[in-house]
Amino acid sequence: MTDNSRLIVALDLKVPDKAMELAREIHREIFAIKINWPLLMVAGVGIIRELSSYGRVICDLKIADIPNTNSLITSNVKENGGWGIITHAFTGSDSLAAVIEAAGEMKVFAVVSMSHPGSDQFINSVSMDLLEMAMKEKISGVIAPGNDLVMLRRIRNAGKGLMILSPGIGVQGGNPADAIRNGSDYVIAGRSIYNSEDPLGEVRRINSAVSSVIHRS
Ligand code: XMP
């Protein structure tokens with residue numbers, strides 16, 4: 001994997017061999033791989049270590065439980081070689097602190113706003129409170145929507161110094177260059193890459209769109 005890329009690829013495939021094959025094809029040109037329940041449920045926790053042979057793996061488990069359970073889930077990811085983990089923040093500071101403590105050196109990213117329309121129903125009204133609480137707990141970074149640039153800018157402005165990862169790119173309508181221009185550090189794309197006829201070509205297209213923004217600023 002490379003620090004020159006600002007792209008995190010979501011491998012939401014239910015066939016582990018296909019996920020490994022795609023990782024093999026694209027890993028040299030991306031920043032990290034993100035996995036989620038669709039792959040983890042089929043492949044088992046060992047897939048984290050297998051994919052880690054290609055570099056950084058972020059486990060998007062959107063943890064939302066009591067502190068003890070959060071801690072057990074996080075330690076499973078850590079013991080299997082995860083580089084990062086995504087947790088919900090709405091469960092409160094004790095639950096969040098348990099993830100951060102169990103994570104040790106692993107990066108922890110908290111969800112403070114989401115990329116789907118339903119985020120407007122509940123989460124978006126407390127996004128700034130979630131962000132403030134996450135910062136008090138010394139979070140590594142947050143997840144903020146790459147397809148809602150107003151919200152993304154609000155989170156960027158209030159979350160100085162935080163790493164911001166943005167899904168909502170591609171199929172959900174977000175544009176990678178716009179997301180970076182509006183405060184995102186890394187964009188997350190899944191379907192637009194793994195459903196593409198030419199995944200590596202799509203990775204390169206996103207990398208080049210993003211690097212033109214970075215080099216201009
Ligand atoms: P697509 O196919 O839409 O995949 O490019 C996006 C990936 O990111 C996850 N996702 C989110 N994760 N907060 C998160 O923590 C969000 O707002 C969010 N939106 C999408 C999604 O599950 C998939 O893995």
# chains A, B, ... in the order shown; residues from 1 in each chain; ligands from 1

$ residues_around --residues "Arg156 of chain A" --least-positions-apart "4" --cutoff "8 Å" --atoms "only C-alpha atoms" --output "MDAnalysis selection string"
chainID A and resid 152 160 162 164 182:184

$ write_last_selection --atoms "C-alpha atoms" --output "PDB file, in the first residue's frame"
ATOM      1  CA  LEU A 152     -18.132  17.495   5.849  1.00  0.00           C
ATOM      2  CA  LYS A 160      -9.004  20.342  13.528  1.00  0.00           C
ATOM      3  CA  LEU A 162      -8.480  14.829  13.126  1.00  0.00           C
ATOM      4  CA  ILE A 164     -11.358  12.332   8.308  1.00  0.00           C
ATOM      5  CA  ASN A 182     -13.899  20.112   1.442  1.00  0.00           C
ATOM      6  CA  GLY A 183     -11.805  18.618   4.201  1.00  0.00           C
ATOM      7  CA  SER A 184     -11.628  14.885   3.817  1.00  0.00           C
TER       8      SER A 184
END

$ select_by_dssp --residues "segment 45-215 of chain A" --states "strand (DSSP E)" --output "MDAnalysis selection string"
chainID A and resid 57:63 84:88 107:111 141:143 163:166 186:189

$ write_last_selection --atoms "N, CA and C atoms" --output "short mmCIF file (atom, residue, chain, number, x, y, z; two decimals), in the first residue's frame"
data_model
loop_
_atom_site.label_atom_id
_atom_site.label_comp_id
_atom_site.auth_asym_id
_atom_site.auth_seq_id
_atom_site.Cartn_x
_atom_site.Cartn_y
_atom_site.Cartn_z
N VAL A 57 -5.44 -2.68 7.05
CA VAL A 57 -6.84 -3.14 6.97
C VAL A 57 -7.65 -2.42 8.05
N ILE A 58 -8.72 -1.76 7.61
CA ILE A 58 -9.62 -1.08 8.54
C ILE A 58 -10.90 -1.93 8.65
N CYS A 59 -11.27 -2.26 9.87
CA CYS A 59 -12.48 -3.07 10.07
C CYS A 59 -13.65 -2.15 10.41
N ASP A 60 -14.56 -2.08 9.48
CA ASP A 60 -15.74 -1.22 9.62
C ASP A 60 -16.84 -2.03 10.28
N LEU A 61 -16.74 -2.18 11.60
CA LEU A 61 -17.72 -3.00 12.33
C LEU A 61 -18.82 -2.14 12.94
N LYS A 62 -18.66 -0.84 12.85
CA LYS A 62 -19.63 0.09 13.44
C LYS A 62 -20.11 -0.42 14.79
N ILE A 63 -19.15 -0.57 15.67
CA ILE A 63 -19.42 -1.15 16.98
C ILE A 63 -20.38 -0.23 17.75
N GLY A 84 -6.93 -0.52 11.70
CA GLY A 84 -7.90 0.44 12.20
C GLY A 84 -9.26 -0.19 12.40
N ILE A 85 -10.11 0.52 13.16
CA ILE A 85 -11.44 0.00 13.44
C ILE A 85 -12.42 1.17 13.44
N ILE A 86 -13.64 0.90 12.97
CA ILE A 86 -14.67 1.94 12.94
C ILE A 86 -15.75 1.60 13.98
N THR A 87 -16.06 2.59 14.80
CA THR A 87 -17.04 2.39 15.86
C THR A 87 -18.11 3.48 15.80
N HIS A 88 -19.30 3.17 16.26
CA HIS A 88 -20.28 4.22 16.46
C HIS A 88 -19.86 5.03 17.69
N LYS A 107 -5.68 2.40 15.01
CA LYS A 107 -6.46 3.65 14.84
C LYS A 107 -7.94 3.38 15.09
N VAL A 108 -8.60 4.34 15.73
CA VAL A 108 -10.04 4.22 15.96
C VAL A 108 -10.74 5.40 15.29
N PHE A 109 -11.74 5.08 14.48
CA PHE A 109 -12.51 6.09 13.77
C PHE A 109 -13.96 6.02 14.24
N ALA A 110 -14.52 7.17 14.60
CA ALA A 110 -15.89 7.19 15.10
C ALA A 110 -16.83 7.75 14.04
N VAL A 111 -17.99 7.13 13.93
CA VAL A 111 -19.02 7.61 13.00
C VAL A 111 -19.75 8.78 13.67
N GLY A 141 -9.64 9.56 14.50
CA GLY A 141 -10.29 10.20 13.36
C GLY A 141 -11.77 9.91 13.37
N VAL A 142 -12.46 10.49 12.39
CA VAL A 142 -13.91 10.29 12.30
C VAL A 142 -14.30 9.96 10.85
N ILE A 143 -15.51 9.41 10.74
CA ILE A 143 -16.09 9.14 9.43
C ILE A 143 -17.08 10.26 9.15
N MET A 163 -8.12 12.96 11.64
CA MET A 163 -8.13 12.31 10.34
C MET A 163 -9.60 12.08 9.94
N ILE A 164 -9.97 12.53 8.76
CA ILE A 164 -11.36 12.33 8.31
C ILE A 164 -11.40 11.36 7.13
N LEU A 165 -12.17 10.30 7.29
CA LEU A 165 -12.37 9.32 6.22
C LEU A 165 -13.79 9.51 5.69
N SER A 166 -13.92 9.54 4.36
CA SER A 166 -15.24 9.83 3.78
C SER A 166 -15.75 8.77 2.83
N TYR A 186 -9.10 11.12 3.46
CA TYR A 186 -9.13 9.87 2.68
C TYR A 186 -10.55 9.60 2.23
N VAL A 187 -10.71 9.19 0.98
CA VAL A 187 -12.05 8.82 0.50
C VAL A 187 -12.18 7.30 0.47
N ILE A 188 -13.41 6.86 0.71
CA ILE A 188 -13.70 5.42 0.73
C ILE A 188 -14.62 5.11 -0.45
N ALA A 189 -14.24 4.14 -1.26
CA ALA A 189 -15.11 3.73 -2.37
C ALA A 189 -15.18 2.21 -2.42
#

$ residues_near_ligand --ligand "ligand 1" --cutoff "7 Å" --atoms "only C-alpha atoms and all ligand atoms" --output "list of chain:residue names"
A:Ala10, A:Asp12, A:Ile35, A:Asn36, A:Asp60, A:Lys62, A:Ile86, A:Val111, A:Ser113, A:Met114, A:Ser115, A:His116, A:Ile143, A:Ala144, A:Pro145, A:Pro167, A:Gly168, A:Ile169, A:Gly170, A:Val171, A:Gln172, A:Ile188, A:Ala189, A:Gly190, A:Arg191, A:Ser192

$ write_last_selection --atoms "N, CA and C atoms" --output "short mmCIF file (atom, residue, chain, number, x, y, z; two decimals), in the first residue's frame"
data_model
loop_
_atom_site.label_atom_id
_atom_site.label_comp_id
_atom_site.auth_asym_id
_atom_site.auth_seq_id
_atom_site.Cartn_x
_atom_site.Cartn_y
_atom_site.Cartn_z
N ALA A 10 -13.34 -0.24 -0.10
CA ALA A 10 -14.25 -1.09 0.67
C ALA A 10 -14.44 -2.40 -0.09
N ASP A 12 -16.48 -5.03 -0.03
CA ASP A 12 -17.73 -5.62 0.46
C ASP A 12 -18.17 -6.79 -0.41
N ILE A 35 -12.81 -3.47 5.39
CA ILE A 35 -13.74 -4.60 5.30
C ILE A 35 -14.90 -4.38 6.26
N ASN A 36 -15.98 -5.07 5.97
CA ASN A 36 -17.22 -4.87 6.71
C ASN A 36 -17.86 -6.24 6.92
N ASP A 60 -14.56 -2.08 9.48
CA ASP A 60 -15.74 -1.22 9.62
C ASP A 60 -16.84 -2.03 10.28
N LYS A 62 -18.66 -0.84 12.85
CA LYS A 62 -19.63 0.09 13.44
C LYS A 62 -20.11 -0.42 14.79
N ILE A 86 -13.64 0.90 12.97
CA ILE A 86 -14.67 1.94 12.94
C ILE A 86 -15.75 1.60 13.98
N VAL A 111 -17.99 7.13 13.93
CA VAL A 111 -19.02 7.61 13.00
C VAL A 111 -19.75 8.78 13.67
N SER A 113 -21.46 11.15 11.40
CA SER A 113 -22.52 11.45 10.43
C SER A 113 -22.39 10.39 9.36
N MET A 114 -23.50 10.05 8.70
CA MET A 114 -23.43 8.97 7.71
C MET A 114 -23.80 9.45 6.31
N SER A 115 -23.49 8.60 5.34
CA SER A 115 -23.62 9.03 3.94
C SER A 115 -24.98 8.73 3.32
N HIS A 116 -25.84 8.02 4.05
CA HIS A 116 -27.15 7.68 3.47
C HIS A 116 -28.20 8.69 3.95
N ILE A 143 -15.51 9.41 10.74
CA ILE A 143 -16.09 9.14 9.43
C ILE A 143 -17.08 10.26 9.15
N ALA A 144 -16.92 10.92 8.01
CA ALA A 144 -17.83 12.01 7.64
C ALA A 144 -18.17 11.85 6.16
N PRO A 145 -19.41 12.15 5.80
CA PRO A 145 -19.87 11.83 4.45
C PRO A 145 -19.20 12.64 3.34
N PRO A 167 -16.80 8.07 3.24
CA PRO A 167 -17.51 7.22 2.29
C PRO A 167 -18.55 8.07 1.54
N GLY A 168 -19.37 7.39 0.73
CA GLY A 168 -20.38 8.13 -0.03
C GLY A 168 -19.88 8.54 -1.40
N ILE A 169 -18.73 7.99 -1.77
CA ILE A 169 -18.09 8.33 -3.05
C ILE A 169 -18.56 7.36 -4.14
N GLY A 170 -18.80 7.87 -5.32
CA GLY A 170 -19.16 6.98 -6.45
C GLY A 170 -20.65 6.69 -6.46
N VAL A 171 -21.03 5.44 -6.15
CA VAL A 171 -22.44 5.04 -6.26
C VAL A 171 -23.35 5.93 -5.40
N GLN A 172 -22.87 6.38 -4.25
CA GLN A 172 -23.72 7.23 -3.39
C GLN A 172 -23.65 8.71 -3.79
N ILE A 188 -13.41 6.86 0.71
CA ILE A 188 -13.70 5.42 0.73
C ILE A 188 -14.62 5.11 -0.45
N ALA A 189 -14.24 4.14 -1.26
CA ALA A 189 -15.11 3.73 -2.37
C ALA A 189 -15.18 2.21 -2.42
N GLY A 190 -16.37 1.69 -2.63
CA GLY A 190 -16.57 0.25 -2.69
C GLY A 190 -17.08 -0.18 -4.04
N ARG A 191 -18.43 -0.10 -4.23
CA ARG A 191 -19.04 -0.64 -5.44
C ARG A 191 -18.46 -0.08 -6.72
N SER A 192 -18.12 1.21 -6.72
CA SER A 192 -17.61 1.78 -7.98
C SER A 192 -16.29 1.13 -8.38
#

$ atom_distance --atom1 "atom CA of Ser71 of chain A" --atom2 "atom CA of Thr91 of chain A"
13.4 Å

$ residues_around --residues "Asp17 of chain A" --least-positions-apart "4" --cutoff "12 Å" --atoms "only C-alpha atoms" --output "PyMOL selection string"
chain A and resi 11+13+21-24+39+42-43+47+50-51

$ closest_residue --among "A:Leu130, A:Ala89, A:Val77, A:Leu149" --to "Glu105 of chain A" --atoms "only C-alpha atoms"
A:Val77

$ decode --residues "segment 100-119 of chain A" --atoms "N, CA and C atoms" --output "PDB file, in the first residue's frame"
ATOM      1  N   ILE A 100     -11.263   2.604  22.383  1.00  0.00           N
ATOM      2  CA  ILE A 100      -9.958   3.272  22.268  1.00  0.00           C
ATOM      3  C   ILE A 100      -8.918   2.581  23.150  1.00  0.00           C
ATOM      4  N   GLU A 101      -9.319   2.208  24.332  1.00  0.00           N
ATOM      5  CA  GLU A 101      -8.357   1.549  25.227  1.00  0.00           C
ATOM      6  C   GLU A 101      -7.942   0.175  24.687  1.00  0.00           C
ATOM      7  N   ALA A 102      -8.922  -0.612  24.221  1.00  0.00           N
ATOM      8  CA  ALA A 102      -8.600  -1.954  23.717  1.00  0.00           C
ATOM      9  C   ALA A 102      -7.812  -1.883  22.406  1.00  0.00           C
ATOM     10  N   ALA A 103      -7.959  -0.775  21.675  1.00  0.00           N
ATOM     11  CA  ALA A 103      -7.307  -0.664  20.365  1.00  0.00           C
ATOM     12  C   ALA A 103      -5.796  -0.495  20.497  1.00  0.00           C
ATOM     13  N   GLY A 104      -5.324   0.075  21.585  1.00  0.00           N
ATOM     14  CA  GLY A 104      -3.873   0.298  21.733  1.00  0.00           C
ATOM     15  C   GLY A 104      -3.358   1.155  20.592  1.00  0.00           C
ATOM     16  N   GLU A 105      -2.405   0.599  19.812  1.00  0.00           N
ATOM     17  CA  GLU A 105      -1.805   1.346  18.706  1.00  0.00           C
ATOM     18  C   GLU A 105      -2.722   1.453  17.486  1.00  0.00           C
ATOM     19  N   MET A 106      -3.760   0.622  17.474  1.00  0.00           N
ATOM     20  CA  MET A 106      -4.646   0.610  16.318  1.00  0.00           C
ATOM     21  C   MET A 106      -5.420   1.938  16.240  1.00  0.00           C
ATOM     22  N   LYS A 107      -5.684   2.405  15.015  1.00  0.00           N
ATOM     23  CA  LYS A 107      -6.462   3.650  14.840  1.00  0.00           C
ATOM     24  C   LYS A 107      -7.944   3.376  15.095  1.00  0.00           C
ATOM     25  N   VAL A 108      -8.596   4.335  15.732  1.00  0.00           N
ATOM     26  CA  VAL A 108     -10.041   4.218  15.965  1.00  0.00           C
ATOM     27  C   VAL A 108     -10.745   5.402  15.288  1.00  0.00           C
ATOM     28  N   PHE A 109     -11.736   5.077  14.484  1.00  0.00           N
ATOM     29  CA  PHE A 109     -12.513   6.090  13.770  1.00  0.00           C
ATOM     30  C   PHE A 109     -13.962   6.016  14.238  1.00  0.00           C
ATOM     31  N   ALA A 110     -14.515   7.168  14.597  1.00  0.00           N
ATOM     32  CA  ALA A 110     -15.892   7.194  15.099  1.00  0.00           C
ATOM     33  C   ALA A 110     -16.834   7.747  14.037  1.00  0.00           C
ATOM     34  N   VAL A 111     -17.989   7.126  13.927  1.00  0.00           N
ATOM     35  CA  VAL A 111     -19.024   7.611  13.004  1.00  0.00           C
ATOM     36  C   VAL A 111     -19.746   8.784  13.669  1.00  0.00           C
ATOM     37  N   VAL A 112     -19.701   9.953  13.023  1.00  0.00           N
ATOM     38  CA  VAL A 112     -20.415  11.104  13.578  1.00  0.00           C
ATOM     39  C   VAL A 112     -21.517  11.609  12.648  1.00  0.00           C
ATOM     40  N   SER A 113     -21.459  11.150  11.396  1.00  0.00           N
ATOM     41  CA  SER A 113     -22.517  11.453  10.430  1.00  0.00           C
ATOM     42  C   SER A 113     -22.393  10.386   9.357  1.00  0.00           C
ATOM     43  N   MET A 114     -23.503  10.051   8.700  1.00  0.00           N
ATOM     44  CA  MET A 114     -23.426   8.965   7.711  1.00  0.00           C
ATOM     45  C   MET A 114     -23.797   9.451   6.310  1.00  0.00           C
ATOM     46  N   SER A 115     -23.493   8.600   5.335  1.00  0.00           N
ATOM     47  CA  SER A 115     -23.619   9.031   3.938  1.00  0.00           C
ATOM     48  C   SER A 115     -24.982   8.735   3.324  1.00  0.00           C
ATOM     49  N   HIS A 116     -25.844   8.024   4.048  1.00  0.00           N
ATOM     50  CA  HIS A 116     -27.150   7.685   3.467  1.00  0.00           C
ATOM     51  C   HIS A 116     -28.202   8.694   3.945  1.00  0.00           C
ATOM     52  N   PRO A 117     -29.330   8.814   3.220  1.00  0.00           N
ATOM     53  CA  PRO A 117     -30.330   9.829   3.582  1.00  0.00           C
ATOM     54  C   PRO A 117     -30.833   9.691   5.017  1.00  0.00           C
ATOM     55  N   GLY A 118     -30.922   8.483   5.548  1.00  0.00           N
ATOM     56  CA  GLY A 118     -31.427   8.262   6.904  1.00  0.00           C
ATOM     57  C   GLY A 118     -30.591   8.937   7.977  1.00  0.00           C
ATOM     58  N   SER A 119     -29.373   9.320   7.640  1.00  0.00           N
ATOM     59  CA  SER A 119     -28.510  10.000   8.616  1.00  0.00           C
ATOM     60  C   SER A 119     -29.146  11.314   9.079  1.00  0.00           C
TER      61      SER A 119
END
